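A quick write-up on the structure given underneath.
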Protein chains: 2
Amino acid sequence: MSTSNPFDPANFTRRIPEGDDRERLVCDDCGFIQYENPKIVVGSVAYWGDRILLCRRAIEPRIGYWTLPAGYLELGEDVQVGARREAWEEARAQMEIEQLLAVYTIQRISQVQLIYRARLTSPEVSAGPESREVALFHPDEIPRDEIAFPTVHWALAHFQETRDHTAFAPRQNPEGGTGNLTGGL
Amino acid sequence: MSTSNPFDPANFTRRIPEGDDRERLVCDDCGFIQYENPKIVVGSVAYWGDRILLCRRAIEPRIGYWTLPAGYLELGEDVQVGARREAWEEARAQMEIEQLLAVYTIQRISQVQLIYRARLTSPEVSAGPESREVALFHPDEIPRDEIAFPTVHWALAHFQETRDHTAFAPRQNPEGGTGNLTGGL
């Protein structure tokens, strides 16, 4: 998905529109209010036996690092359908979703991640256009020094912690965990 | 919160921008791409003993009908903080969140609702500006014919179903449940 935006927000200023109680990005020319909302990421820890699916990123940010299949929920899309779509797009993986594993909030970038635990229905996976390679790792073979994002570390730990449970409370950010690449967990 | 937007999208058409794979709202004048994303609603089924907090809406849509304290997650806001903020804004309620009760998707309006089970820390509640009145209802006193939205019915049922559980898998849309006011459950 392209994220380039040719729009130049040069005439936008942050101020509180009349009748509102928070700063918004307002165009000084036409009065357009650019409401910004948190974005939803849907993804999965997908397993086959005792191995876990990871994807090596072919795109920025964190190109070359390993991540879970995950991405932005599309408009009008069910959350579980979105998680399955991302697994297909990034790893040509097919799976059955078992349970919501975790809800992580990355406040700095206003992102809410819904990460599911999912069972692959086949071990046949292959890199989609956004992945350099994909692989199924035993837990002790996971390239922990080459993980793309803190939330991937969290989700892998929460997966291990709950893998023998059939029903459990979804996990959230660990204490003090911001999800930022620097300055946090 | 005001949701009026003086911007007139008269010159916007839906088309697939170069490098993208989905239709977006694109301005034919300046090329601005209005990315639309699903919105996150955070809310709670908050209880005091065996009574449940409901708010009678003072605003459209569904003015005069009863709902759970819930609203849009703000930019940069943690999901649980958002759920507590909404309970305060709409019902002057203070509470401790126990667990994620449900994740509902309303595809027609691209809304993902995260509804928490929460324990009120005091039975003293009062109407905030968006509520006509607020009340704590015994389950058999809930005004079921005057409920604002299908998801409120779902959440009340899922609350009863899980209330003796300390850890459980969050619920989702019931089979066939669209969340639409008409034509669905």
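Here's how to read the names in the structure tokens: chain A, B, ... by the order shown, residue numbers from 1 in each chain, ligand numbers from 1 in the order shown.
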Give me, as a Markdown table, each residue of chain A that comes within 9 Å of chain B, together with its shortest interatomic pair and the distance in Å at one decimal, counting only C-alpha atoms, with rows ordered by chain and rising residue number.
```
| residue | atom | partner | partner_atom | distance |
| --- | --- | --- | --- | --- |
| A:Met1 | CA | B:Asp20 | CA | 5.1 |
| A:Ser2 | CA | B:Asp20 | CA | 5.2 |
| A:Thr3 | CA | B:Asp20 | CA | 8.3 |
| A:Asn5 | CA | B:Ile33 | CA | 6.3 |
| A:Pro6 | CA | B:Phe32 | CA | 6.1 |
| A:Phe7 | CA | B:Phe32 | CA | 4.7 |
| A:Asp8 | CA | B:Phe32 | CA | 8.2 |
| A:Pro17 | CA | B:Ser2 | CA | 8.4 |
| A:Glu18 | CA | B:Ser2 | CA | 7.9 |
| A:Gly19 | CA | B:Ser2 | CA | 5.5 |
| A:Asp20 | CA | B:Met1 | CA | 5.0 |
| A:Asp21 | CA | B:Met1 | CA | 6.7 |
| A:Arg22 | CA | B:Met1 | CA | 8.6 |
| A:Cys30 | CA | B:Phe7 | CA | 7.1 |
| A:Gly31 | CA | B:Pro6 | CA | 6.5 |
| A:Phe32 | CA | B:Phe7 | CA | 4.7 |
| A:Ile33 | CA | B:Asn5 | CA | 6.3 |
| A:Gln34 | CA | B:Asn5 | CA | 9.0 |
| A:Glu36 | CA | B:Leu75 | CA | 6.8 |
| A:Asn37 | CA | B:Leu75 | CA | 5.5 |
| A:Pro38 | CA | B:Leu75 | CA | 5.3 |
| A:Lys39 | CA | B:Asn37 | CA | 6.8 |
| A:Ile40 | CA | B:Pro38 | CA | 7.1 |
| A:Tyr72 | CA | B:Asn37 | CA | 8.5 |
| A:Leu73 | CA | B:Pro38 | CA | 7.0 |
| A:Glu74 | CA | B:Asn37 | CA | 6.5 |
| A:Leu75 | CA | B:Pro38 | CA | 5.3 |
| A:Gly76 | CA | B:Gln107 | CA | 4.4 |
| A:Glu77 | CA | B:Gln107 | CA | 5.9 |
| A:Asp78 | CA | B:Thr105 | CA | 5.8 |
| A:Val79 | CA | B:Thr105 | CA | 6.8 |
| A:Gln99 | CA | B:Ala169 | CA | 6.5 |
| A:Leu100 | CA | B:Ala169 | CA | 7.1 |
| A:Leu101 | CA | B:Ala169 | CA | 8.9 |
| A:Val103 | CA | B:Val79 | CA | 8.6 |
| A:Tyr104 | CA | B:Val79 | CA | 8.6 |
| A:Thr105 | CA | B:Asp78 | CA | 5.8 |
| A:Ile106 | CA | B:Gly76 | CA | 7.7 |
| A:Gln107 | CA | B:Gly76 | CA | 4.4 |
| A:Arg108 | CA | B:Gly76 | CA | 5.9 |
| A:Ile109 | CA | B:Gly76 | CA | 6.7 |
| A:Ser110 | CA | B:Gly76 | CA | 4.5 |
| A:Gln111 | CA | B:Gly76 | CA | 7.8 |
| A:Val112 | CA | B:Val79 | CA | 7.7 |
| A:Thr166 | CA | B:Ala169 | CA | 8.3 |
| A:Ala167 | CA | B:Ala169 | CA | 5.0 |
| A:Phe168 | CA | B:Phe168 | CA | 4.6 |
| A:Ala169 | CA | B:Ala167 | CA | 5.0 |
| A:Pro170 | CA | B:Leu100 | CA | 7.2 |
```
| said: Using DSSP assignments from the backbone, pull out every residue in region 28-137 of chain A that falls under strand (DSSP E) and give it to me as a VMD selection string. | reply: chain A and resid 33 to 34 39 to 48 51 to 57 66 to 67 70 to 72 95 to 106 111 to 120 131 to 137
All residues 6 Å or closer to Gly179 (chain A), only C-alpha atoms, same chain fewer than 2 positions away omitted, as a short mmCIF file (atom, residue, chain, number, x, y, z; two decimals) with N, CA, C and O atoms, in the first residue's frame:
```
data_model
loop_
_atom_site.label_atom_id
_atom_site.label_comp_id
_atom_site.auth_asym_id
_atom_site.auth_seq_id
_atom_site.Cartn_x
_atom_site.Cartn_y
_atom_site.Cartn_z
N ILE A 106 0.26 1.87 21.09
CA ILE A 106 1.49 2.64 20.92
C ILE A 106 1.04 4.10 20.84
O ILE A 106 0.65 4.60 19.79
N PRO A 150 9.15 -3.62 19.21
CA PRO A 150 8.94 -4.12 20.58
C PRO A 150 7.67 -4.96 20.72
O PRO A 150 7.66 -5.96 21.44
N THR A 151 6.59 -4.57 20.02
CA THR A 151 5.34 -5.33 20.17
C THR A 151 5.49 -6.77 19.68
O THR A 151 4.76 -7.64 20.14
N GLY A 177 5.88 -0.30 29.06
CA GLY A 177 6.16 -0.54 27.63
C GLY A 177 5.44 0.46 26.75
O GLY A 177 4.22 0.51 26.73
#
```
| Contacts of region 125-141 of chain A at 7 Å (only C-alpha atoms; same-chain gap of 6+ positions) as a ChimeraX atom specification | /A:50-59,89-93
Could you write those residues out with all heavy atoms, as a compact mmCIF listing (two decimals), in the first residue's frame?
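This is the output file out.txt:
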```txt
# COMPACT_ATOMS: atom_id res chain seq x y z
N ASP A 50 4.93 -26.57 17.03
CA ASP A 50 5.61 -25.68 17.98
C ASP A 50 6.44 -24.60 17.26
O ASP A 50 7.32 -24.00 17.86
CB ASP A 50 6.48 -26.48 18.95
CG ASP A 50 7.54 -27.31 18.21
OD1 ASP A 50 7.52 -27.31 16.96
OD2 ASP A 50 8.36 -27.93 18.90
N ARG A 51 6.11 -24.36 16.00
CA ARG A 51 6.84 -23.32 15.28
C ARG A 51 5.94 -22.11 14.98
O ARG A 51 4.73 -22.26 14.82
CB ARG A 51 7.41 -23.89 13.98
CG ARG A 51 8.54 -24.90 14.26
CD ARG A 51 9.16 -25.42 12.99
NE ARG A 51 8.21 -26.16 12.17
CZ ARG A 51 8.35 -26.37 10.86
NH1 ARG A 51 9.40 -25.87 10.22
NH2 ARG A 51 7.44 -27.06 10.18
N ILE A 52 6.58 -20.95 14.93
CA ILE A 52 5.86 -19.68 14.82
C ILE A 52 6.26 -18.98 13.52
O ILE A 52 7.44 -18.93 13.16
CB ILE A 52 6.19 -18.77 16.03
CG1 ILE A 52 5.62 -19.41 17.31
CG2 ILE A 52 5.64 -17.36 15.84
CD1 ILE A 52 6.21 -18.83 18.57
N LEU A 53 5.27 -18.42 12.86
CA LEU A 53 5.49 -17.75 11.57
C LEU A 53 6.02 -16.33 11.77
O LEU A 53 5.41 -15.51 12.46
CB LEU A 53 4.16 -17.67 10.81
CG LEU A 53 4.15 -16.88 9.51
CD1 LEU A 53 5.08 -17.50 8.47
CD2 LEU A 53 2.72 -16.77 8.96
N LEU A 54 7.15 -16.04 11.15
CA LEU A 54 7.67 -14.68 11.11
C LEU A 54 8.00 -14.30 9.67
O LEU A 54 8.27 -15.17 8.83
CB LEU A 54 8.93 -14.54 11.98
CG LEU A 54 8.74 -14.68 13.49
CD1 LEU A 54 10.09 -14.61 14.20
CD2 LEU A 54 7.81 -13.58 14.04
N CYS A 55 7.98 -12.99 9.42
CA CYS A 55 8.22 -12.45 8.08
C CYS A 55 9.37 -11.45 8.16
O CYS A 55 9.37 -10.58 9.02
CB CYS A 55 7.00 -11.71 7.56
SG CYS A 55 5.44 -12.61 7.72
N ARG A 56 10.32 -11.58 7.23
CA ARG A 56 11.41 -10.61 7.18
C ARG A 56 10.98 -9.47 6.26
O ARG A 56 10.66 -9.70 5.09
CB ARG A 56 12.70 -11.25 6.68
CG ARG A 56 13.91 -10.49 7.14
CD ARG A 56 15.01 -11.44 7.58
NE ARG A 56 15.78 -11.91 6.45
CZ ARG A 56 16.90 -11.31 6.04
NH1 ARG A 56 17.36 -10.25 6.66
NH2 ARG A 56 17.57 -11.81 5.02
N ARG A 57 10.98 -8.26 6.79
CA ARG A 57 10.39 -7.13 6.10
C ARG A 57 11.18 -6.73 4.85
O ARG A 57 12.40 -6.57 4.90
CB ARG A 57 10.29 -5.92 7.05
CG ARG A 57 9.28 -6.15 8.16
CD ARG A 57 9.31 -5.02 9.17
NE ARG A 57 8.88 -3.75 8.60
CZ ARG A 57 7.62 -3.39 8.44
NH1 ARG A 57 6.64 -4.19 8.81
NH2 ARG A 57 7.33 -2.22 7.91
N ALA A 58 10.44 -6.54 3.76
CA ALA A 58 11.05 -6.06 2.51
C ALA A 58 10.80 -4.56 2.33
O ALA A 58 11.15 -3.98 1.31
CB ALA A 58 10.48 -6.83 1.32
N ILE A 59 10.15 -3.95 3.33
CA ILE A 59 9.79 -2.53 3.22
C ILE A 59 10.18 -1.80 4.50
O ILE A 59 10.35 -2.41 5.56
CB ILE A 59 8.27 -2.35 2.97
CG1 ILE A 59 7.45 -3.10 4.05
CG2 ILE A 59 7.88 -2.83 1.58
CD1 ILE A 59 5.97 -2.80 4.04
N GLU A 89 -1.38 -11.80 2.65
CA GLU A 89 -0.62 -10.84 1.84
C GLU A 89 0.89 -10.94 2.11
O GLU A 89 1.69 -10.84 1.20
CB GLU A 89 -1.08 -9.41 2.12
CG GLU A 89 -2.43 -9.07 1.50
CD GLU A 89 -2.87 -7.64 1.76
OE1 GLU A 89 -2.09 -6.86 2.36
OE2 GLU A 89 -4.00 -7.30 1.38
N GLU A 90 1.24 -11.13 3.36
CA GLU A 90 2.65 -11.05 3.72
C GLU A 90 3.36 -12.41 3.72
O GLU A 90 4.58 -12.46 3.60
CB GLU A 90 2.80 -10.37 5.08
CG GLU A 90 2.28 -8.94 5.00
CD GLU A 90 2.40 -8.16 6.29
OE1 GLU A 90 2.93 -8.70 7.28
OE2 GLU A 90 1.96 -6.99 6.30
N ALA A 91 2.59 -13.48 3.88
CA ALA A 91 3.25 -14.79 4.03
C ALA A 91 2.51 -15.91 3.30
O ALA A 91 2.88 -17.07 3.47
CB ALA A 91 3.37 -15.14 5.51
N ARG A 92 1.51 -15.55 2.49
CA ARG A 92 0.71 -16.57 1.80
C ARG A 92 0.28 -17.68 2.77
O ARG A 92 0.25 -18.85 2.43
CB ARG A 92 1.51 -17.16 0.62
CG ARG A 92 1.88 -16.12 -0.44
CD ARG A 92 0.64 -15.58 -1.13
NE ARG A 92 0.94 -14.55 -2.13
CZ ARG A 92 0.56 -13.27 -2.02
NH1 ARG A 92 -0.13 -12.83 -0.97
NH2 ARG A 92 0.83 -12.41 -2.97
N ALA A 93 -0.03 -17.25 3.98
CA ALA A 93 -0.39 -18.19 5.04
C ALA A 93 -1.89 -18.24 5.22
O ALA A 93 -2.57 -17.22 5.14
CB ALA A 93 0.27 -17.77 6.36
```
| task | One decimal, Å: what's the distance from CA of Arg24 (chain B) over to CA of Gly71 (chain A), could you say? | result |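 Atom-to-atom, CA of Arg24 (chain B) to CA of Gly71 (chain A), that is 17.5 Å.
Note that the spacing between CA of Ile142 (chain B) and CA of Gly43 (chain B) amounts to 18.0 Å.
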| field | Who sits within 7 Å of Thr121 (chain B), only C-alpha atoms, same chain under 3 positions skipped, as a ChimeraX atom specification | value | /B:94-96
For the residues selected in the previous step, produce a file with N, CA, C and O atoms as a PDB file, in the first residue's frame.
```pdb
ATOM      1  N   GLN B  94     -16.392   6.452  38.137  1.00  0.00           N
ATOM      2  CA  GLN B  94     -15.000   6.035  38.269  1.00  0.00           C
ATOM      3  C   GLN B  94     -14.960   4.527  38.456  1.00  0.00           C
ATOM      4  O   GLN B  94     -15.794   3.957  39.167  1.00  0.00           O
ATOM      5  N   MET B  95     -13.979   3.925  37.834  1.00  0.00           N
ATOM      6  CA  MET B  95     -14.010   2.452  37.795  1.00  0.00           C
ATOM      7  C   MET B  95     -12.630   1.862  37.593  1.00  0.00           C
ATOM      8  O   MET B  95     -11.692   2.549  37.194  1.00  0.00           O
ATOM      9  N   GLU B  96     -12.557   0.574  37.896  1.00  0.00           N
ATOM     10  CA  GLU B  96     -11.353  -0.205  37.617  1.00  0.00           C
ATOM     11  C   GLU B  96     -11.690  -1.198  36.515  1.00  0.00           C
ATOM     12  O   GLU B  96     -12.653  -1.961  36.642  1.00  0.00           O
TER      13      GLU B  96
END
```
| Which residues come within 8 Å of Ile97 (chain B), counting only C-alpha atoms, excluding same-chain residues fewer than 5 positions away, as a VMD selection string? | chain B and resid 80 84 116 to 119
Export N, CA and C atoms of the chosen residues as a short mmCIF file (atom, residue, chain, number, x, y, z; two decimals), in the first residue's frame?
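File produced: again23.cif:
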```
data_model
loop_
_atom_site.label_atom_id
_atom_site.label_comp_id
_atom_site.auth_asym_id
_atom_site.auth_seq_id
_atom_site.Cartn_x
_atom_site.Cartn_y
_atom_site.Cartn_z
N GLN B 80 -7.53 1.70 27.52
CA GLN B 80 -8.21 1.61 28.82
C GLN B 80 -8.42 2.99 29.42
N ARG B 84 -12.08 4.66 30.45
CA ARG B 84 -12.34 5.32 31.74
C ARG B 84 -12.75 6.78 31.53
N TYR B 116 -14.96 -3.06 27.63
CA TYR B 116 -14.33 -3.65 28.81
C TYR B 116 -15.36 -3.97 29.89
N ARG B 117 -15.05 -4.96 30.71
CA ARG B 117 -15.80 -5.18 31.94
C ARG B 117 -15.09 -4.40 33.03
N ALA B 118 -15.84 -3.60 33.77
CA ALA B 118 -15.22 -2.72 34.76
C ALA B 118 -16.04 -2.70 36.04
N ARG B 119 -15.33 -2.56 37.14
CA ARG B 119 -15.98 -2.49 38.45
C ARG B 119 -16.00 -1.03 38.90
#
```
| task | Between CA of Phe159 (chain B) and CA of Ala46 (chain B), measure the distance and give it in Å to one decimal. | result |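 Straight-line distance from CA of Phe159 (chain B) to CA of Ala46 (chain B) works out to 9.6 Å.
When only C-alpha atoms are used to measure the gap to Thr182 (chain A), the shortest distance among A:Ala157, A:Ala148, A:Ala87, A:Val26 belongs to A:Ala148.
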